[in-house]
Amino acid sequence: MVTKNGTLSFDVNAYSSSSVSTSINFWTQDRQTARLIFKLTKDGVPLPLAAVTGKLVLVMSDGSRFIRDVTIVDRVNGHAEYVLSDKEVKHYGNVQAELNLYYTNDQSMSVHQFSFKISKSLIDQEIVPITEYYVDEFEALREKINSLYEESIQTIDDLRAKFEDLEKIETKQGAQSKADAALAAAKEYVDPHLGNKKIHVTESDKNKWNNGQIYKLTQDSGTRKLIPDGADLLTLPPGLYYGINNRLLNNPDPSDIGWFNYDISESNSDRKMIIAVASYKNTMWFSTVHGDVFRGWKRVLTDADTVTSWKVPSLSKGWKQYVSSDGIPHTLRYSKDALGVVEIIGSITGGVIGNDVEAFTLLDGFLPMQPMHFIGIASSLGTPGVPQYHRTYIGTDGRVCVQSCSNTVNPNEFITFGFRFKAK
């Protein structure tokens, strides 16, 4: 198996630096190939790893935490290794790590703390990892709990069966005693009960029920209450509701004609909170009313919103997609993320350069708020050793024009884009 190896040699003592900053660098595309190799010594000789389990603690830059076993590859010479999982390697940034050893005689030891880096590969530029936590022992704990649960259920069933057998055993004397006691209790209860005007209810029970909360948040069946068309969401009392969104006043998305669920809660000081969820689109908004002032709707973004789709424009004025000498295409394309930021990447070649000559045009929804200029990388062909650049204009109508290039020998050999701007 082909791997990228980061070798670490640690001498186990009480004098080493508390943490070592290494030059190890992996990439988010190093799946199943990012391997840490540990060579452990003590007092200058290999540290035996018999009757020991090694665990590596990884704390990622985004707060994610992983604790997993390392693999002991040579217990005599103190060699171990650890291959980063697909989930771990996608958390780019600086990684703080610690190698710990656990012996079967309940001894344990922190070998060393160290740090390394995971860089974001170009193909992962638009991917944002989710905070994750994983500990090997969680799975073992779950299995133990499930086992104890099954044993408890079996024990309860056994006891129930035994008590059922005992209840079937009754002596004649015992049966007569029970009958006499029941008759006496019935006589003591019936006579006062006939004259009691508060039959079956004590005074304390009645007061408890009268003081109980009787406001219903749902229908009697437990389902949500339907909001009639034309109702104002801000005036509804606390409860769980549903309705057709665009038929309600002060709705979160007037363009959405689907069914929404609404959760409304309220305090005693003119404060209200409303959570709205589009049933079909599976999207969420929330709003608040503070001091009788509506604070507006806020959309809740999820990891799905970070996924962008790329559009490839039609090129004009002789421009074509650029393919480098190694056969790799540098496809020109553009996208917009959930925050409205447009990004243009890729390279083109062979077209006309001029102040008002469009190379391509962006679609509506991807237009800048005002005319903009960008400086980018251009080909240095014919001007060896001198970096070249181009100036590009993007208008509010979406036209993208390569206005000039510093390479006067081969100005249109290739023009590279790597621009970001806020769409209007």
# chains A, B, ... in the order shown; residues from 1 in each chain; ligands from 1

$ select_by_dssp --residues "range 228-396 of chain A" --states "strand (DSSP E)" --output "PyMOL selection string"
chain A and resi 239-244+259-266+271-278+283-290+293-300+320-323+329-330+333-336+341-349+358-361+372-378+388-394

$ write_last_selection --atoms "C-alpha atoms" --output "PDB file, in the first residue's frame"
ATOM      1  CA  GLY A 239     -48.453  26.573  20.453  1.00  0.00           C
ATOM      2  CA  LEU A 240     -47.514  24.181  17.665  1.00  0.00           C
ATOM      3  CA  TYR A 241     -49.063  25.111  14.306  1.00  0.00           C
ATOM      4  CA  TYR A 242     -48.975  24.378  10.578  1.00  0.00           C
ATOM      5  CA  GLY A 243     -50.226  26.202   7.493  1.00  0.00           C
ATOM      6  CA  ILE A 244     -49.557  27.240   3.893  1.00  0.00           C
ATOM      7  CA  TRP A 259     -46.664  23.761   3.969  1.00  0.00           C
ATOM      8  CA  PHE A 260     -44.734  25.043   6.982  1.00  0.00           C
ATOM      9  CA  ASN A 261     -44.603  24.022  10.653  1.00  0.00           C
ATOM     10  CA  TYR A 262     -44.452  26.860  13.199  1.00  0.00           C
ATOM     11  CA  ASP A 263     -43.379  26.618  16.865  1.00  0.00           C
ATOM     12  CA  ILE A 264     -44.328  29.694  18.908  1.00  0.00           C
ATOM     13  CA  SER A 265     -43.238  30.367  22.494  1.00  0.00           C
ATOM     14  CA  GLU A 266     -43.673  33.502  24.601  1.00  0.00           C
ATOM     15  CA  ARG A 271     -40.818  38.602  24.121  1.00  0.00           C
ATOM     16  CA  LYS A 272     -41.767  35.934  21.611  1.00  0.00           C
ATOM     17  CA  MET A 273     -39.835  33.386  19.555  1.00  0.00           C
ATOM     18  CA  ILE A 274     -41.070  31.713  16.360  1.00  0.00           C
ATOM     19  CA  ILE A 275     -39.386  28.790  14.591  1.00  0.00           C
ATOM     20  CA  ALA A 276     -40.570  28.032  11.048  1.00  0.00           C
ATOM     21  CA  VAL A 277     -39.695  24.873   9.096  1.00  0.00           C
ATOM     22  CA  ALA A 278     -40.515  24.317   5.416  1.00  0.00           C
ATOM     23  CA  THR A 283     -35.228  24.432   5.618  1.00  0.00           C
ATOM     24  CA  MET A 284     -35.554  26.456   8.833  1.00  0.00           C
ATOM     25  CA  TRP A 285     -36.001  30.097   9.873  1.00  0.00           C
ATOM     26  CA  PHE A 286     -36.351  31.749  13.271  1.00  0.00           C
ATOM     27  CA  SER A 287     -37.546  35.154  14.437  1.00  0.00           C
ATOM     28  CA  THR A 288     -38.077  37.042  17.674  1.00  0.00           C
ATOM     29  CA  VAL A 289     -40.351  39.786  18.949  1.00  0.00           C
ATOM     30  CA  HIS A 290     -38.634  41.872  21.625  1.00  0.00           C
ATOM     31  CA  VAL A 293     -40.690  44.995  18.009  1.00  0.00           C
ATOM     32  CA  PHE A 294     -40.463  42.302  15.315  1.00  0.00           C
ATOM     33  CA  ARG A 295     -36.764  41.553  14.732  1.00  0.00           C
ATOM     34  CA  GLY A 296     -37.213  39.916  11.314  1.00  0.00           C
ATOM     35  CA  TRP A 297     -36.571  36.404  10.014  1.00  0.00           C
ATOM     36  CA  LYS A 298     -33.142  34.728   9.976  1.00  0.00           C
ATOM     37  CA  ARG A 299     -32.431  31.692   7.784  1.00  0.00           C
ATOM     38  CA  VAL A 300     -30.580  28.793   9.481  1.00  0.00           C
ATOM     39  CA  LYS A 320     -11.134  28.859 -25.492  1.00  0.00           C
ATOM     40  CA  GLN A 321     -10.696  26.732 -22.387  1.00  0.00           C
ATOM     41  CA  TYR A 322      -6.987  26.400 -21.520  1.00  0.00           C
ATOM     42  CA  VAL A 323      -5.332  22.961 -21.303  1.00  0.00           C
ATOM     43  CA  PRO A 329      -7.719  21.214 -18.371  1.00  0.00           C
ATOM     44  CA  HIS A 330      -7.993  24.406 -16.327  1.00  0.00           C
ATOM     45  CA  ARG A 333     -16.208  28.157 -14.267  1.00  0.00           C
ATOM     46  CA  TYR A 334     -17.992  30.163 -11.586  1.00  0.00           C
ATOM     47  CA  SER A 335     -20.285  29.567  -8.594  1.00  0.00           C
ATOM     48  CA  LYS A 336     -22.087  31.375  -5.757  1.00  0.00           C
ATOM     49  CA  VAL A 341     -20.143  35.316  -2.733  1.00  0.00           C
ATOM     50  CA  VAL A 342     -19.315  34.617  -6.393  1.00  0.00           C
ATOM     51  CA  GLU A 343     -16.029  32.883  -7.268  1.00  0.00           C
ATOM     52  CA  ILE A 344     -14.484  32.612 -10.763  1.00  0.00           C
ATOM     53  CA  ILE A 345     -11.668  30.096 -11.364  1.00  0.00           C
ATOM     54  CA  GLY A 346      -9.894  28.513 -14.330  1.00  0.00           C
ATOM     55  CA  SER A 347      -7.926  29.685 -17.384  1.00  0.00           C
ATOM     56  CA  ILE A 348      -8.662  30.667 -20.994  1.00  0.00           C
ATOM     57  CA  THR A 349      -6.481  31.113 -24.074  1.00  0.00           C
ATOM     58  CA  GLU A 358     -16.104  40.515 -23.449  1.00  0.00           C
ATOM     59  CA  ALA A 359     -14.516  37.092 -23.046  1.00  0.00           C
ATOM     60  CA  PHE A 360     -17.719  35.734 -21.460  1.00  0.00           C
ATOM     61  CA  THR A 361     -20.833  36.941 -19.589  1.00  0.00           C
ATOM     62  CA  MET A 372     -14.975  45.838 -10.552  1.00  0.00           C
ATOM     63  CA  HIS A 373     -11.383  45.286 -11.708  1.00  0.00           C
ATOM     64  CA  PHE A 374      -9.099  42.367 -10.855  1.00  0.00           C
ATOM     65  CA  ILE A 375      -5.429  41.590 -11.394  1.00  0.00           C
ATOM     66  CA  GLY A 376      -4.574  37.976 -12.270  1.00  0.00           C
ATOM     67  CA  ILE A 377      -1.769  35.724 -13.477  1.00  0.00           C
ATOM     68  CA  ALA A 378      -0.894  35.681 -17.190  1.00  0.00           C
ATOM     69  CA  GLN A 388       3.239  38.510 -16.040  1.00  0.00           C
ATOM     70  CA  TYR A 389      -0.235  39.700 -15.135  1.00  0.00           C
ATOM     71  CA  HIS A 390      -3.515  40.828 -16.673  1.00  0.00           C
ATOM     72  CA  ARG A 391      -6.204  43.361 -15.726  1.00  0.00           C
ATOM     73  CA  THR A 392      -9.818  42.161 -16.033  1.00  0.00           C
ATOM     74  CA  TYR A 393     -13.048  44.160 -15.814  1.00  0.00           C
ATOM     75  CA  ILE A 394     -16.401  42.778 -14.590  1.00  0.00           C
TER      76      ILE A 394
END

$ residues_around --residues "Val409 in chain A" --least-positions-apart "4" --cutoff "12 Å" --atoms "only C-alpha atoms" --output "list in words"
Ala378, Ser379, Ser380, Leu381, Gly382, Thr383, Pro384, Gln388, Cys405 and Glu413 of chain A

$ write_last_selection --atoms "C-alpha atoms" --output "PDB file, in the first residue's frame"
ATOM      1  CA  ALA A 378      -0.894  35.681 -17.190  1.00  0.00           C
ATOM      2  CA  SER A 379       1.487  33.530 -19.229  1.00  0.00           C
ATOM      3  CA  SER A 380       5.215  34.323 -19.110  1.00  0.00           C
ATOM      4  CA  LEU A 381       5.852  32.615 -22.466  1.00  0.00           C
ATOM      5  CA  GLY A 382       8.393  34.682 -24.381  1.00  0.00           C
ATOM      6  CA  THR A 383       9.416  36.645 -21.285  1.00  0.00           C
ATOM      7  CA  PRO A 384      11.344  34.079 -19.249  1.00  0.00           C
ATOM      8  CA  GLN A 388       3.239  38.510 -16.040  1.00  0.00           C
ATOM      9  CA  CYS A 405      -1.861  41.995 -20.326  1.00  0.00           C
ATOM     10  CA  GLU A 413      -1.258  32.470 -24.231  1.00  0.00           C
TER      11      GLU A 413
END

$ residues_around --residues "range 25-33 of chain A" --least-positions-apart "2" --cutoff "10 Å" --atoms "only C-alpha atoms" --output "ChimeraX atom specification"
/A:1-6,22-23,35-36,83-94,115-125

$ write_last_selection --atoms "C-alpha atoms" --output "compact mmCIF listing (two decimals), in the first residue's frame"
# COMPACT_ATOMS: atom_id res chain seq x y z
CA MET A 1 0.00 0.00 0.00
CA VAL A 2 1.33 3.47 -0.95
CA THR A 3 1.41 5.85 2.03
CA LYS A 4 2.74 9.25 3.05
CA ASN A 5 4.85 8.58 6.14
CA GLY A 6 5.51 11.06 8.92
CA THR A 22 6.76 18.95 13.58
CA SER A 23 7.09 19.76 9.88
CA ARG A 35 0.46 7.57 8.19
CA LEU A 36 2.27 8.53 11.39
CA VAL A 83 -3.23 5.87 9.62
CA LEU A 84 -5.59 8.86 9.68
CA SER A 85 -9.19 7.93 8.85
CA ASP A 86 -11.18 9.57 6.03
CA LYS A 87 -13.12 11.58 8.63
CA GLU A 88 -9.97 12.82 10.38
CA VAL A 89 -7.98 13.88 7.32
CA LYS A 90 -10.75 16.20 6.07
CA HIS A 91 -10.37 18.50 9.14
CA TYR A 92 -7.72 20.85 7.75
CA GLY A 93 -5.55 23.14 9.85
CA ASN A 94 -3.09 22.61 12.71
CA SER A 115 1.55 18.90 16.34
CA PHE A 116 1.32 18.58 12.59
CA LYS A 117 -0.65 20.18 9.76
CA ILE A 118 -3.38 19.10 7.36
CA SER A 119 -3.62 21.38 4.31
CA LYS A 120 -6.75 21.81 2.21
CA SER A 121 -6.44 20.28 -1.27
CA LEU A 122 -7.63 22.39 -4.18
CA ILE A 123 -10.46 19.96 -4.92
CA ASP A 124 -11.75 20.46 -1.35
CA GLN A 125 -11.71 24.28 -1.37

$ atom_distance --atom1 "CA of Ile214 in chain A" --atom2 "CA of Thr202 in chain A"
19.8 Å

$ closest_residue --among "A:Gln107, A:Thr396, A:Asn210, A:Ser309" --to "Phe366 in chain A" --atoms "only C-alpha atoms"
A:Thr396

$ select_by_dssp --residues "range 217-374 of chain A" --states "helix (DSSP H, G or I)" --output "tab-separated table (two decimals) with N, CA and C atoms, in the first residue's frame"
chain	number	residue	atom	x	y	z
A	233	LEU	N	-48.81	35.62	11.76
A	233	LEU	CA	-47.99	34.76	12.62
A	233	LEU	C	-47.59	35.46	13.92
A	234	LEU	N	-47.41	36.78	13.87
A	234	LEU	CA	-46.93	37.50	15.05
A	234	LEU	C	-48.00	37.62	16.13
A	235	THR	N	-49.27	37.39	15.78
A	235	THR	CA	-50.35	37.55	16.76
A	235	THR	C	-50.81	36.22	17.35
A	245	ASN	N	-47.55	28.59	3.83
A	245	ASN	CA	-46.71	29.72	4.21
A	245	ASN	C	-47.12	31.04	3.57
A	246	ASN	N	-47.26	31.08	2.23
A	246	ASN	CA	-47.48	32.37	1.57
A	246	ASN	C	-48.90	32.91	1.78
A	247	ARG	N	-49.77	32.15	2.45
A	247	ARG	CA	-51.11	32.64	2.76
A	247	ARG	C	-51.19	33.27	4.14
A	303	ASP	N	-24.96	22.32	6.60
A	303	ASP	CA	-23.83	21.88	5.78
A	303	ASP	C	-24.23	21.71	4.33
A	304	ALA	N	-25.53	21.44	4.07
A	304	ALA	CA	-25.97	21.30	2.69
A	304	ALA	C	-25.87	22.62	1.93
A	305	ASP	N	-25.99	23.74	2.64
A	305	ASP	CA	-25.91	25.05	1.99
A	305	ASP	C	-24.49	25.39	1.54
A	306	THR	N	-23.49	24.71	2.09
A	306	THR	CA	-22.11	24.98	1.69
A	306	THR	C	-21.74	24.29	0.38

$ closest_residue --among "A:Leu226, A:Ile37, A:Met60, A:Ile130" --to "Leu99 in chain A" --atoms "only C-alpha atoms"
A:Ile37

$ residues_around --residues "Tyr102 in chain A" --least-positions-apart "5" --cutoff "6 Å" --atoms "only C-alpha atoms" --output "PyMOL selection string"
chain A and resi 52-53+108
